[in-house]
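A.B. asks: File follows, work_34.csv with CSV, C-alpha atoms and all ligand atoms:
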chain,number,residue,atom,x,y,z
A,1,MET,CA,14.5,52.9,22.8
A,2,ALA,CA,12.1,51.3,25.4
A,3,CYS,CA,15.0,51.2,27.8
A,4,VAL,CA,15.7,55.0,27.4
A,5,LEU,CA,12.0,55.8,28.0
A,6,LEU,CA,11.8,53.7,31.1
A,7,PHE,CA,14.8,55.4,32.6
A,8,SER,CA,13.6,58.8,31.8
A,9,ARG,CA,10.5,58.2,33.9
A,10,LEU,CA,12.1,56.5,36.9
A,11,LEU,CA,15.5,58.1,37.5
A,12,PRO,CA,17.0,61.5,38.1
A,13,PHE,CA,18.7,63.3,35.2
A,14,SER,CA,22.4,62.4,36.0
A,15,HIS,CA,21.5,58.7,36.4
A,16,ARG,CA,19.4,58.8,33.3
A,17,LEU,CA,22.4,60.0,31.3
A,18,THR,CA,24.7,57.2,32.5
A,19,ARG,CA,22.1,54.5,31.9
A,20,THR,CA,21.3,55.9,28.4
A,21,SER,CA,25.0,55.8,27.6
A,22,ILE,CA,25.2,52.2,28.8
A,23,CYS,CA,22.2,51.3,26.6
A,24,LEU,CA,23.7,53.0,23.5
A,25,LEU,CA,27.1,51.3,24.2
A,26,SER,CA,25.4,47.9,24.4
A,27,LEU,CA,23.5,48.5,21.2
A,28,PHE,CA,26.8,49.4,19.5
A,29,LEU,CA,28.5,46.3,20.8
A,30,SER,CA,25.6,44.1,19.6
A,31,TYR,CA,26.1,45.7,16.2
A,32,LEU,CA,29.8,44.9,16.2
A,33,CYS,CA,29.0,41.3,17.1
A,34,TYR,CA,26.5,41.1,14.2
A,35,CYS,CA,29.1,42.4,11.8
A,36,ALA,CA,31.7,39.9,12.9
A,37,LEU,CA,29.2,37.0,12.5
A,38,PHE,CA,27.8,38.1,9.1
A,39,PRO,CA,30.6,39.4,7.0
A,40,ALA,CA,30.0,42.1,4.4
A,41,TYR,CA,29.7,39.9,1.3
A,42,ILE,CA,26.9,37.8,2.9
A,43,ILE,CA,24.9,40.9,3.6
A,44,ILE,CA,25.5,42.3,0.1
A,45,GLN,CA,24.6,39.1,-1.7
A,46,LYS,CA,21.1,39.1,-0.4
A,47,SER,CA,20.3,42.5,-1.9
A,48,GLY,CA,20.4,41.8,-5.6
A,49,ASP,CA,20.9,39.5,-8.5
A,50,LEU,CA,24.1,37.6,-9.2
A,51,THR,CA,24.8,37.3,-12.9
A,52,PRO,CA,26.1,34.0,-14.2
A,53,SER,CA,29.5,35.7,-15.0
A,54,CYS,CA,29.8,36.8,-11.5
A,55,GLN,CA,28.9,33.3,-10.2
A,56,ARG,CA,31.7,32.0,-12.4
A,57,VAL,CA,34.2,34.5,-11.1
A,58,LEU,CA,33.3,33.6,-7.5
A,59,ALA,CA,33.2,29.9,-8.2
A,60,ASP,CA,36.6,30.1,-9.8
A,61,GLY,CA,39.0,30.1,-6.9
A,62,ALA,CA,42.1,31.1,-8.8
A,63,LYS,CA,43.9,34.1,-7.2
A,64,ARG,CA,43.9,35.8,-10.6
A,65,THR,CA,40.1,36.1,-10.5
A,66,LEU,CA,40.1,37.4,-7.0
A,67,GLN,CA,40.6,41.0,-7.8
A,68,LYS,CA,37.9,40.8,-10.5
A,69,SER,CA,35.5,39.3,-8.0
A,70,VAL,CA,35.8,42.3,-5.9
A,71,SER,CA,34.3,44.5,-8.6
A,72,CYS,CA,31.3,42.1,-8.5
A,73,PHE,CA,30.4,43.6,-5.2
A,74,PHE,CA,30.9,47.3,-6.0
A,75,PRO,CA,29.4,49.2,-8.8
A,76,LEU,CA,32.6,50.9,-9.9
A,77,ASP,CA,30.9,53.7,-11.9
A,78,ALA,CA,29.0,54.9,-8.9
A,79,LYS,CA,29.7,58.5,-8.0
A,80,LEU,CA,31.6,58.2,-4.7
A,81,THR,CA,32.9,60.9,-2.4
A,82,SER,CA,36.6,60.5,-1.5
A,83,ALA,CA,35.6,59.2,2.0
A,84,GLU,CA,33.3,56.6,0.4
A,85,SER,CA,35.9,55.7,-2.1
A,86,SER,CA,38.6,55.0,0.6
A,87,GLN,CA,36.0,53.1,2.6
A,88,MET,CA,35.2,51.1,-0.5
A,89,LYS,CA,38.9,50.4,-1.1
A,90,ALA,CA,39.3,49.3,2.5
A,91,ASP,CA,36.3,47.0,2.1
A,92,GLN,CA,37.7,45.6,-1.1
A,93,ARG,CA,41.0,44.9,0.7
A,94,HIS,CA,39.0,43.4,3.5
A,95,LEU,CA,37.1,41.2,1.2
A,96,SER,CA,40.2,40.1,-0.7
A,97,THR,CA,41.8,39.1,2.6
A,98,GLN,CA,38.7,37.2,3.7
A,99,HIS,CA,38.5,35.5,0.4
A,100,ASN,CA,42.2,34.4,0.6
A,101,ALA,CA,41.8,33.4,4.2
A,102,ARG,CA,38.9,31.1,3.2
A,103,ASN,CA,41.3,29.4,0.8
A,104,ASP,CA,38.8,30.1,-2.0
A,105,THR,CA,36.2,27.7,-0.8
A,106,LEU,CA,33.4,30.3,-1.1
A,107,SER,CA,30.5,28.8,-3.0
A,108,PRO,CA,28.6,31.0,-5.5
A,109,PRO,CA,26.0,33.1,-3.7
A,110,VAL,CA,22.4,33.1,-4.8
A,111,GLY,CA,21.5,36.8,-5.0
A,112,TYR,CA,23.7,39.7,-5.6
A,113,VAL,CA,24.2,43.4,-6.4
A,114,LYS,CA,25.0,44.7,-9.9
A,115,PHE,CA,28.7,44.6,-10.7
A,116,GLY,CA,31.2,46.0,-13.1
A,117,ILE,CA,30.7,49.1,-15.2
A,118,LYS,CA,28.9,50.0,-18.4
A,119,ARG,CA,31.4,50.5,-21.1
A,120,LEU,CA,31.3,51.5,-24.7
A,121,PRO,CA,31.7,48.4,-26.9
A,122,ASN,CA,35.2,47.0,-27.8
A,123,ALA,CA,33.7,44.9,-30.5
A,124,ILE,CA,30.7,45.4,-32.8
A,125,ILE,CA,28.9,43.1,-35.2
A,126,VAL,CA,28.3,45.7,-37.9
A,127,GLY,CA,26.6,43.5,-40.6
A,128,VAL,CA,25.2,42.3,-42.7
A,129,LYS,CA,21.5,42.2,-42.4
A,130,LYS,CA,20.2,38.6,-42.8
A,131,GLY,CA,23.8,37.3,-42.7
A,132,GLY,CA,23.5,35.5,-39.4
A,133,THR,CA,24.4,38.3,-37.1
A,134,ARG,CA,22.0,37.2,-34.3
A,135,ALA,CA,23.5,33.7,-34.4
A,136,VAL,CA,27.0,35.0,-34.0
A,137,LEU,CA,26.0,37.3,-31.1
A,138,GLU,CA,24.1,34.6,-29.3
A,139,PHE,CA,26.9,32.1,-29.7
A,140,ILE,CA,29.8,34.3,-28.7
A,141,ARG,CA,28.0,35.6,-25.7
A,142,ILE,CA,28.1,32.2,-24.1
A,143,HIS,CA,31.8,33.0,-23.6
A,144,PRO,CA,32.3,34.1,-20.0
A,145,ASP,CA,34.5,37.0,-21.1
A,146,VAL,CA,31.9,38.5,-23.4
A,147,ARG,CA,28.8,40.5,-22.5
A,148,ALA,CA,26.5,42.0,-25.1
A,149,ALA,CA,23.6,44.4,-25.5
A,150,GLY,CA,20.5,42.3,-26.2
A,151,THR,CA,18.8,44.6,-28.7
A,152,GLU,CA,20.1,46.4,-31.8
A,153,THR,CA,21.1,49.9,-30.6
A,154,HIS,CA,21.3,51.6,-34.0
A,155,PHE,CA,23.4,54.2,-32.2
A,156,PHE,CA,25.8,55.0,-35.1
A,157,ASP,CA,23.0,55.2,-37.7
A,158,ARG,CA,19.7,56.3,-36.2
A,159,ASN,CA,20.5,57.4,-32.7
A,160,TYR,CA,23.8,59.2,-33.0
A,161,ASP,CA,22.4,62.5,-31.7
A,162,ARG,CA,21.5,60.9,-28.4
A,163,GLY,CA,25.2,60.9,-27.5
A,164,PRO,CA,27.7,58.4,-26.2
A,165,GLU,CA,26.2,58.3,-22.7
A,166,TRP,CA,22.9,57.2,-24.0
A,167,TYR,CA,24.8,54.5,-25.9
A,168,ARG,CA,26.8,53.4,-22.9
A,169,GLY,CA,23.6,53.2,-20.9
A,170,LEU,CA,22.4,50.4,-23.2
A,171,MET,CA,25.5,48.3,-22.6
A,172,PRO,CA,25.7,45.6,-20.0
A,173,ARG,CA,28.0,46.0,-17.0
A,174,THR,CA,31.3,44.3,-17.5
A,175,LEU,CA,34.4,43.5,-15.5
A,176,ASP,CA,37.8,44.7,-16.7
A,177,SER,CA,38.5,41.4,-18.3
A,178,GLN,CA,35.3,41.2,-20.3
A,179,ILE,CA,34.5,42.4,-23.8
A,180,THR,CA,31.5,44.5,-24.4
A,181,MET,CA,29.6,43.8,-27.7
A,182,GLU,CA,26.6,44.9,-29.6
A,183,LYS,CA,25.2,44.1,-33.1
A,184,THR,CA,23.4,46.4,-35.5
A,185,PRO,CA,23.5,44.9,-39.0
A,186,SER,CA,22.6,48.2,-40.8
A,187,TYR,CA,25.9,49.7,-39.8
A,188,PHE,CA,27.8,48.0,-42.6
A,189,VAL,CA,25.9,49.9,-45.3
A,190,THR,CA,25.6,53.2,-43.6
A,191,LYS,CA,28.0,55.8,-44.9
A,192,GLU,CA,28.6,57.7,-41.6
A,193,THR,CA,29.1,54.6,-39.4
A,194,PRO,CA,32.8,53.8,-40.0
A,195,HIS,CA,34.0,57.3,-39.1
A,196,ARG,CA,31.7,57.5,-36.2
A,197,ILE,CA,32.9,54.2,-34.8
A,198,ALA,CA,36.5,55.3,-35.4
A,199,ALA,CA,35.8,58.5,-33.6
A,200,MET,CA,34.6,56.5,-30.6
A,201,SER,CA,37.7,54.2,-30.8
A,202,ARG,CA,40.0,53.3,-33.6
A,203,ASP,CA,40.7,50.0,-31.7
A,204,THR,CA,37.1,48.8,-32.0
A,205,LYS,CA,37.0,45.3,-33.4
A,206,LEU,CA,34.5,44.8,-36.2
A,207,ILE,CA,32.8,41.7,-37.2
A,208,VAL,CA,30.9,41.3,-40.5
A,209,VAL,CA,28.8,38.2,-41.2
A,210,VAL,CA,28.6,37.8,-44.9
A,211,ARG,CA,26.3,35.5,-46.9
A,212,ASP,CA,25.8,34.8,-50.6
A,213,PRO,CA,24.3,38.2,-51.7
A,214,VAL,CA,21.5,36.5,-53.8
A,215,THR,CA,20.3,34.3,-50.9
A,216,ARG,CA,20.7,37.3,-48.6
A,217,ALA,CA,18.5,39.4,-50.8
A,218,ILE,CA,15.8,36.7,-50.9
A,219,SER,CA,16.0,36.3,-47.2
A,220,ASP,CA,15.6,40.1,-46.8
A,221,TYR,CA,12.6,40.1,-49.2
A,222,THR,CA,11.0,37.2,-47.3
A,223,GLN,CA,11.3,39.2,-44.1
A,224,THR,CA,9.8,42.3,-45.6
A,225,LEU,CA,7.0,40.3,-47.2
A,226,SER,CA,6.1,38.8,-43.9
A,227,LYS,CA,5.4,42.3,-42.5
A,228,THR,CA,4.0,43.8,-45.8
A,229,PRO,CA,1.9,41.2,-47.6
A,230,ASP,CA,1.0,43.4,-50.5
A,231,LEU,CA,4.6,44.0,-51.5
A,232,PRO,CA,5.4,43.8,-55.3
A,233,SER,CA,7.1,40.6,-56.4
A,234,PHE,CA,10.8,40.1,-55.8
A,235,GLN,CA,11.5,40.3,-59.6
A,236,GLU,CA,9.6,43.6,-59.9
A,237,LEU,CA,11.7,45.1,-57.1
A,238,ALA,CA,15.1,43.5,-58.1
A,239,PHE,CA,15.1,44.5,-61.8
A,240,ARG,CA,14.6,47.7,-63.6
A,241,ASN,CA,14.3,45.6,-66.7
A,242,GLN,CA,14.4,41.9,-66.2
A,243,SER,CA,14.5,40.9,-69.9
A,244,LEU,CA,17.6,43.1,-70.3
A,245,GLY,CA,19.0,41.9,-67.0
A,246,ILE,CA,19.2,45.4,-65.6
A,247,VAL,CA,19.3,45.2,-61.8
A,248,ASP,CA,17.9,47.9,-59.6
A,249,THR,CA,20.8,48.7,-57.3
A,250,SER,CA,18.7,51.4,-55.5
A,251,TRP,CA,16.6,48.6,-53.9
A,252,ASN,CA,18.2,48.1,-50.5
A,253,ALA,CA,17.9,44.3,-50.7
A,254,ILE,CA,20.2,44.4,-53.7
A,255,ARG,CA,22.4,47.3,-52.5
A,256,ILE,CA,23.3,45.6,-49.2
A,257,GLY,CA,24.9,42.7,-51.1
A,258,LEU,CA,27.5,44.9,-52.8
A,259,TYR,CA,30.0,44.0,-50.1
A,260,ALA,CA,33.1,45.3,-51.9
A,261,MET,CA,31.6,48.7,-52.3
A,262,HIS,CA,30.6,49.1,-48.6
A,263,LEU,CA,33.9,47.6,-47.4
A,264,GLU,CA,35.8,50.4,-49.3
A,265,ASN,CA,34.2,52.9,-47.0
A,266,TRP,CA,35.3,51.0,-43.9
A,267,LEU,CA,38.9,50.6,-45.1
A,268,HIS,CA,39.3,54.4,-45.0
A,269,TYR,CA,39.0,54.3,-41.3
A,270,PHE,CA,40.0,50.7,-40.2
A,271,PRO,CA,42.8,48.4,-41.3
A,272,LEU,CA,41.6,45.1,-42.7
A,273,ALA,CA,43.2,43.2,-39.8
A,274,GLN,CA,40.6,44.9,-37.5
A,275,ILE,CA,37.7,43.5,-39.4
A,276,HIS,CA,36.7,39.8,-39.2
A,277,PHE,CA,34.5,38.2,-41.7
A,278,VAL,CA,32.3,35.3,-40.7
A,279,SER,CA,30.9,33.1,-43.4
A,280,GLY,CA,27.1,33.0,-43.0
A,281,GLU,CA,27.1,29.6,-44.8
A,282,ARG,CA,29.7,27.9,-42.6
A,283,LEU,CA,28.0,29.4,-39.5
A,284,ILE,CA,25.2,27.0,-40.2
A,285,THR,CA,27.3,23.9,-41.3
A,286,ASP,CA,30.1,24.4,-38.8
A,287,PRO,CA,29.2,26.9,-36.0
A,288,ALA,CA,32.0,25.8,-33.7
A,289,GLY,CA,34.6,26.3,-36.5
A,290,GLU,CA,33.3,29.8,-37.2
A,291,LEU,CA,33.1,30.6,-33.5
A,292,ALA,CA,36.7,29.4,-33.0
A,293,ARG,CA,37.9,32.1,-35.5
A,294,VAL,CA,35.7,34.7,-33.9
A,295,GLN,CA,37.2,33.9,-30.5
A,296,ASP,CA,40.8,34.1,-31.9
A,297,PHE,CA,40.0,37.4,-33.5
A,298,LEU,CA,38.7,38.8,-30.2
A,299,GLY,CA,41.7,37.5,-28.4
A,300,LEU,CA,39.6,35.1,-26.3
A,301,LYS,CA,40.4,31.7,-25.1
A,302,ARG,CA,38.5,29.1,-27.2
A,303,ILE,CA,35.8,28.3,-24.8
A,304,VAL,CA,32.8,28.1,-27.2
A,305,THR,CA,33.3,24.7,-28.9
A,306,ASP,CA,31.3,22.0,-30.7
A,307,LYS,CA,30.1,20.8,-27.3
A,308,HIS,CA,27.9,23.8,-27.1
A,309,PHE,CA,25.9,23.0,-30.3
A,310,TYR,CA,23.6,20.4,-31.6
A,311,PHE,CA,21.8,20.3,-34.9
A,312,ASN,CA,18.0,20.7,-34.5
A,313,ARG,CA,16.4,18.6,-37.3
A,314,THR,CA,13.0,20.3,-36.9
A,315,LYS,CA,14.5,23.8,-37.3
A,316,GLY,CA,17.2,22.7,-39.7
A,317,PHE,CA,19.8,24.8,-37.9
A,318,PRO,CA,22.3,24.5,-35.2
A,319,CYS,CA,21.0,25.4,-31.7
A,320,LEU,CA,22.6,26.0,-28.4
A,321,LYS,CA,22.7,23.0,-26.0
A,322,LYS,CA,23.0,25.1,-22.9
A,323,PRO,CA,22.7,28.9,-23.2
A,324,GLU,CA,24.1,31.1,-20.4
A,325,SER,CA,20.7,32.4,-19.2
A,326,SER,CA,18.8,29.2,-18.8
A,327,GLY,CA,19.6,25.6,-18.3
A,328,SER,CA,17.8,24.2,-21.4
A,329,PRO,CA,18.7,24.0,-25.1
A,330,ARG,CA,17.7,26.9,-27.2
A,331,CYS,CA,17.3,27.7,-30.9
A,332,LEU,CA,17.0,31.2,-32.4
A,333,GLY,CA,13.5,32.6,-32.9
A,334,LYS,CA,11.0,31.9,-35.7
A,335,SER,CA,12.3,34.9,-37.8
A,336,LYS,CA,15.7,33.2,-38.1
A,337,GLY,CA,15.7,30.4,-40.5
A,338,ARG,CA,12.5,31.1,-42.4
A,339,THR,CA,11.4,29.2,-45.5
A,340,HIS,CA,12.2,31.6,-48.4
A,341,VAL,CA,9.9,32.8,-51.0
A,342,GLN,CA,10.4,30.8,-54.2
A,343,ILE,CA,12.2,32.8,-56.9
A,344,ASP,CA,12.4,31.6,-60.5
A,345,ARG,CA,15.8,30.1,-61.7
A,346,ASP,CA,16.3,32.7,-64.4
A,347,ALA,CA,16.1,35.6,-62.0
A,348,ILE,CA,18.5,33.9,-59.6
A,349,GLU,CA,21.0,33.3,-62.5
A,350,GLN,CA,20.7,36.9,-63.5
A,351,LEU,CA,21.4,38.1,-60.0
A,352,ARG,CA,24.4,35.7,-59.8
A,353,ASP,CA,25.8,37.2,-63.0
A,354,PHE,CA,25.2,40.7,-61.6
A,355,TYR,CA,27.0,40.0,-58.2
A,356,ARG,CA,29.9,38.0,-59.6
A,357,PRO,CA,32.3,40.9,-60.3
A,358,TYR,CA,31.5,42.4,-56.9
A,359,ASN,CA,32.0,39.1,-55.2
A,360,VAL,CA,35.4,38.5,-56.9
A,361,ARG,CA,36.4,42.0,-55.9
A,362,PHE,CA,35.3,41.3,-52.3
A,363,TYR,CA,37.3,38.0,-52.2
A,364,GLU,CA,40.4,39.9,-53.3
A,365,MET,CA,39.9,42.6,-50.8
A,366,VAL,CA,39.5,40.3,-47.8
A,367,GLY,CA,41.9,37.6,-49.1
A,368,HIS,CA,39.2,34.8,-48.9
A,369,ASP,CA,37.1,33.0,-51.4
A,370,PHE,CA,33.6,32.5,-50.0
A,371,LYS,CA,32.5,30.4,-53.0
A,372,TRP,CA,29.2,32.0,-53.7
A,373,GLU,CA,28.3,30.3,-56.9
A,401,LIG,N1,21.8,28.7,-35.9
A,401,LIG,C1,21.0,29.5,-36.6
A,401,LIG,N2,19.6,29.5,-36.4
A,401,LIG,C2,18.8,30.3,-37.1
A,401,LIG,N3,19.3,31.0,-38.1
A,401,LIG,C3,20.6,31.0,-38.4
A,401,LIG,C4,21.5,30.3,-37.7
A,401,LIG,N4,22.7,30.5,-38.1
A,401,LIG,C5,22.6,31.3,-39.2
A,401,LIG,N5,21.3,31.7,-39.3
A,401,LIG,C6,20.8,32.6,-40.4
A,401,LIG,O1,20.6,33.8,-39.8
A,401,LIG,C7,19.8,34.5,-40.7
A,401,LIG,C8,19.2,35.8,-40.0
A,401,LIG,O2,20.3,36.7,-40.0
A,401,LIG,P1,20.4,37.9,-39.0
A,401,LIG,O3,20.3,37.4,-37.6
A,401,LIG,O4,21.6,38.6,-39.4
A,401,LIG,O5,19.1,38.7,-39.4
A,401,LIG,S1,18.8,40.2,-39.0
A,401,LIG,O6,19.5,41.1,-39.9
A,401,LIG,O7,19.1,40.4,-37.6
A,401,LIG,O8,17.3,40.3,-39.2
A,401,LIG,C9,18.7,33.5,-41.0
A,401,LIG,O9,18.2,33.8,-42.3
A,401,LIG,P2,17.0,33.1,-43.0
A,401,LIG,O10,17.3,31.6,-43.1
A,401,LIG,O11,16.8,33.7,-44.3
A,401,LIG,O12,15.8,33.3,-42.0
A,401,LIG,C10,19.5,32.2,-41.0
A,401,LIG,O13,19.8,31.6,-42.2
Can the structure from this file be put into structure tokens for me?
Ligand SMILES: Nc1ncnc2c1ncn2[C@@H]1O[C@H](COP(=O)(O)OS(=O)(=O)O)[C@@H](OP(=O)(O)O)[C@H]1O

C.D. replies:
Amino acid sequence: MACVLLFSRLLPFSHRLTRTSICLLSLFLSYLCYCALFPAYIIIQKSGDLTPSCQRVLADGAKRTLQKSVSCFFPLDAKLTSAESSQMKADQRHLSTQHNARNDTLSPPVGYVKFGIKRLPNAIIVGVKKGGTRAVLEFIRIHPDVRAAGTETHFFDRNYDRGPEWYRGLMPRTLDSQITMEKTPSYFVTKETPHRIAAMSRDTKLIVVVRDPVTRAISDYTQTLSKTPDLPSFQELAFRNQSLGIVDTSWNAIRIGLYAMHLENWLHYFPLAQIHFVSGERLITDPAGELARVQDFLGLKRIVTDKHFYFNRTKGFPCLKKPESSGSPRCLGKSKGRTHVQIDRDAIEQLRDFYRPYNVRFYEMVGHDFKWE
């Protein structure tokens, strides 16, 4: 610019025009040199965050992952004109060629733009409340091919009117090879949820974490009591008439445990093979074993194994040795693994008697005995 101003003062118009052209040409050549020295991916990586999954993709030199790594650089859901789109494709080809030419020695960059696209979930943890749903989600999302919404979306029960785009907006960005997941435990007992999920996709894989319904009810009550200290006693809520052993099935903490009844509703819309049941009890005693089955069900390689877990004596639960987001061990929060309210033996026995036929029916339906006795 300074160069142009100087010429405009000192030289006649025709000379000025020539000099200005030379100036512009040299600027353009400098720009080309700059581009050759600092290839596109280096420029891009400075402008955003690189997610751990992307780091893995880039660190993995296999040719198979090369195409996926390209989508790390380009938000594929962006609204592009056809010119931008062909430019982007050309850039992708260019990047692929560069990556190949470097014989996959590219080290993972530090910063990075967003990648992948937001998709509706392929797998949902639909229940049950207090079954261990958070543990399953936190454990499965260590897997590099799984990404999950952090909070409960409640789309299919409370937020359905907001529409699928609202729901999709809550999802993390994923690569083609990755599974999108969310968990909302109330789905399992909401009448409308199965047909709504089926309307989204009949291929959705469903996970239900089940736990002894008596322990589950006590856990549920303990949680409510922690928020509402003046709550009536457990027995008052659980029984219409305790001396006659009449259970109040209208109380949610009791109703949720009628697994066979809720499952009937799901089986109208989904085949049993599309629903995986995690044992909430085994999830605590053998998290790796339960996670192996979850990975098989989702068609994933068994990457989450016992090397990811350790038993934390203070908490009394398995914790993660090295979660994806940080480099240090991590247990679930204080609201997971609380000390339960003491309930007298008689009430527990009465509830066991009440649930027994429902449990047996449930075992028959799913073809597995969870041994809740
Ligand atoms: N590893 C690990 N750490 C902590 N807690 C664990 C773990 N695995 C399973 N659980 C059990 O998960 C129970 C909470 O279940 P949810 O996560 O489904 O609860 S919620 O519905 O989302 O509120 C929670 O119930 P409570 O023990 O009654 O608090 C735990 O028993």

A.B. asks: Taking a cut-off of 7 Å and counting all atoms listed in the file, can you build a table that, for each residue of chain A near ligand LIG 401 (chain A), reports the nearest atom pair and how far apart they are in Å (one decimal), sorted by chain then residue number, as a Markdown table?

C.D. replies:
| residue | atom | partner | partner_atom | distance |
| --- | --- | --- | --- | --- |
| A:Val128 | CA | A:LIG401 | O4 | 6.1 |
| A:Lys129 | CA | A:LIG401 | O6 | 3.4 |
| A:Lys130 | CA | A:LIG401 | O2 | 3.4 |
| A:Gly131 | CA | A:LIG401 | O4 | 4.2 |
| A:Gly132 | CA | A:LIG401 | O1 | 3.4 |
| A:Thr133 | CA | A:LIG401 | O4 | 3.6 |
| A:Arg134 | CA | A:LIG401 | O3 | 3.7 |
| A:Ala135 | CA | A:LIG401 | N4 | 5.0 |
| A:Pro185 | CA | A:LIG401 | O6 | 5.6 |
| A:Arg216 | CA | A:LIG401 | O11 | 6.8 |
| A:Ser219 | CA | A:LIG401 | O11 | 4.0 |
| A:Asp220 | CA | A:LIG401 | O11 | 7.0 |
| A:Gly280 | CA | A:LIG401 | C5 | 6.1 |
| A:Leu283 | CA | A:LIG401 | N4 | 5.6 |
| A:Ile284 | CA | A:LIG401 | N4 | 4.8 |
| A:Phe317 | CA | A:LIG401 | N1 | 4.8 |
| A:Pro318 | CA | A:LIG401 | N1 | 4.3 |
| A:Cys319 | CA | A:LIG401 | N1 | 5.4 |
| A:Cys331 | CA | A:LIG401 | N2 | 6.2 |
| A:Leu332 | CA | A:LIG401 | N2 | 5.1 |
| A:Ser335 | CA | A:LIG401 | O12 | 5.7 |
| A:Lys336 | CA | A:LIG401 | O12 | 3.9 |
| A:Gly337 | CA | A:LIG401 | O12 | 3.3 |
| A:Arg338 | CA | A:LIG401 | O12 | 4.0 |
| A:Thr339 | CA | A:LIG401 | O10 | 6.8 |
| A:His340 | CA | A:LIG401 | O11 | 6.5 |

A.B. asks: Could you check which residues have any atom within 12 Å of (29.9, 41.6, -59.8), counting only C-alpha atoms with coordinates taken straight from the file, and then list them as JSON, numbers by chain?

C.D. replies: {"A": [213, 214, 247, 249, 254, 255, 257, 258, 259, 260, 261, 350, 351, 352, 353, 354, 355, 356, 357, 358, 359, 360, 361, 362, 363, 372, 373]}

A.B. asks: Which polymer residues have any atom within 6 Å of an atom of Asp248 of chain A, counting all atoms listed in the file, with same-chain residues fewer than 5 positions away left out, as a PDB file with C-alpha atoms, keeping the file's coordinate frame?

C.D. replies:
ATOM      1  CA  ALA A 238      15.100  43.500 -58.100  1.00  0.00           C
ATOM      2  CA  PHE A 239      15.100  44.500 -61.800  1.00  0.00           C
ATOM      3  CA  ARG A 240      14.600  47.700 -63.600  1.00  0.00           C
TER       4      ARG A 240
END

A.B. asks: Can you tell me how far atom CA of Asp369 of chain A sits from atom CA of Ile142 of chain A, in Å to one decimal?

C.D. replies: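 Going from atom CA of Asp369 of chain A over to atom CA of Ile142 of chain A covers 28.8 Å.
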
A.B. asks: Atom CA of Val208 of chain A and atom CA of Phe188 of chain A are how many Å apart?

C.D. replies: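 Straight-line distance from atom CA of Val208 of chain A to atom CA of Phe188 of chain A works out to 7.7 Å.
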
A.B. asks: Distance atom CA of Thr151 of chain A-atom CA of Ala123 of chain A, one decimal place?

C.D. replies: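 According to the coordinates, atom CA of Thr151 of chain A and atom CA of Ala123 of chain A are separated by 15.0 Å.
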
A.B. asks: May I have the residues within 10 Å of segment 230-234 of chain A as JSON, numbers by chain, using all atoms listed in the file and disregarding those fewer than 5 positions away in the same chain?

C.D. replies: {"A": [217, 218, 221, 222, 224, 225, 239, 253, 341, 342, 343, 344, 347]}

A.B. asks: Could those residues be written to a file, using C-alpha atoms, as a short mmCIF file (atom, residue, chain, number, x, y, z; two decimals), keeping the file's coordinate frame?

C.D. replies:
data_model
loop_
_atom_site.label_atom_id
_atom_site.label_comp_id
_atom_site.auth_asym_id
_atom_site.auth_seq_id
_atom_site.Cartn_x
_atom_site.Cartn_y
_atom_site.Cartn_z
CA ALA A 217 18.50 39.40 -50.80
CA ILE A 218 15.80 36.70 -50.90
CA TYR A 221 12.60 40.10 -49.20
CA THR A 222 11.00 37.20 -47.30
CA THR A 224 9.80 42.30 -45.60
CA LEU A 225 7.00 40.30 -47.20
CA PHE A 239 15.10 44.50 -61.80
CA ALA A 253 17.90 44.30 -50.70
CA VAL A 341 9.90 32.80 -51.00
CA GLN A 342 10.40 30.80 -54.20
CA ILE A 343 12.20 32.80 -56.90
CA ASP A 344 12.40 31.60 -60.50
CA ALA A 347 16.10 35.60 -62.00
#
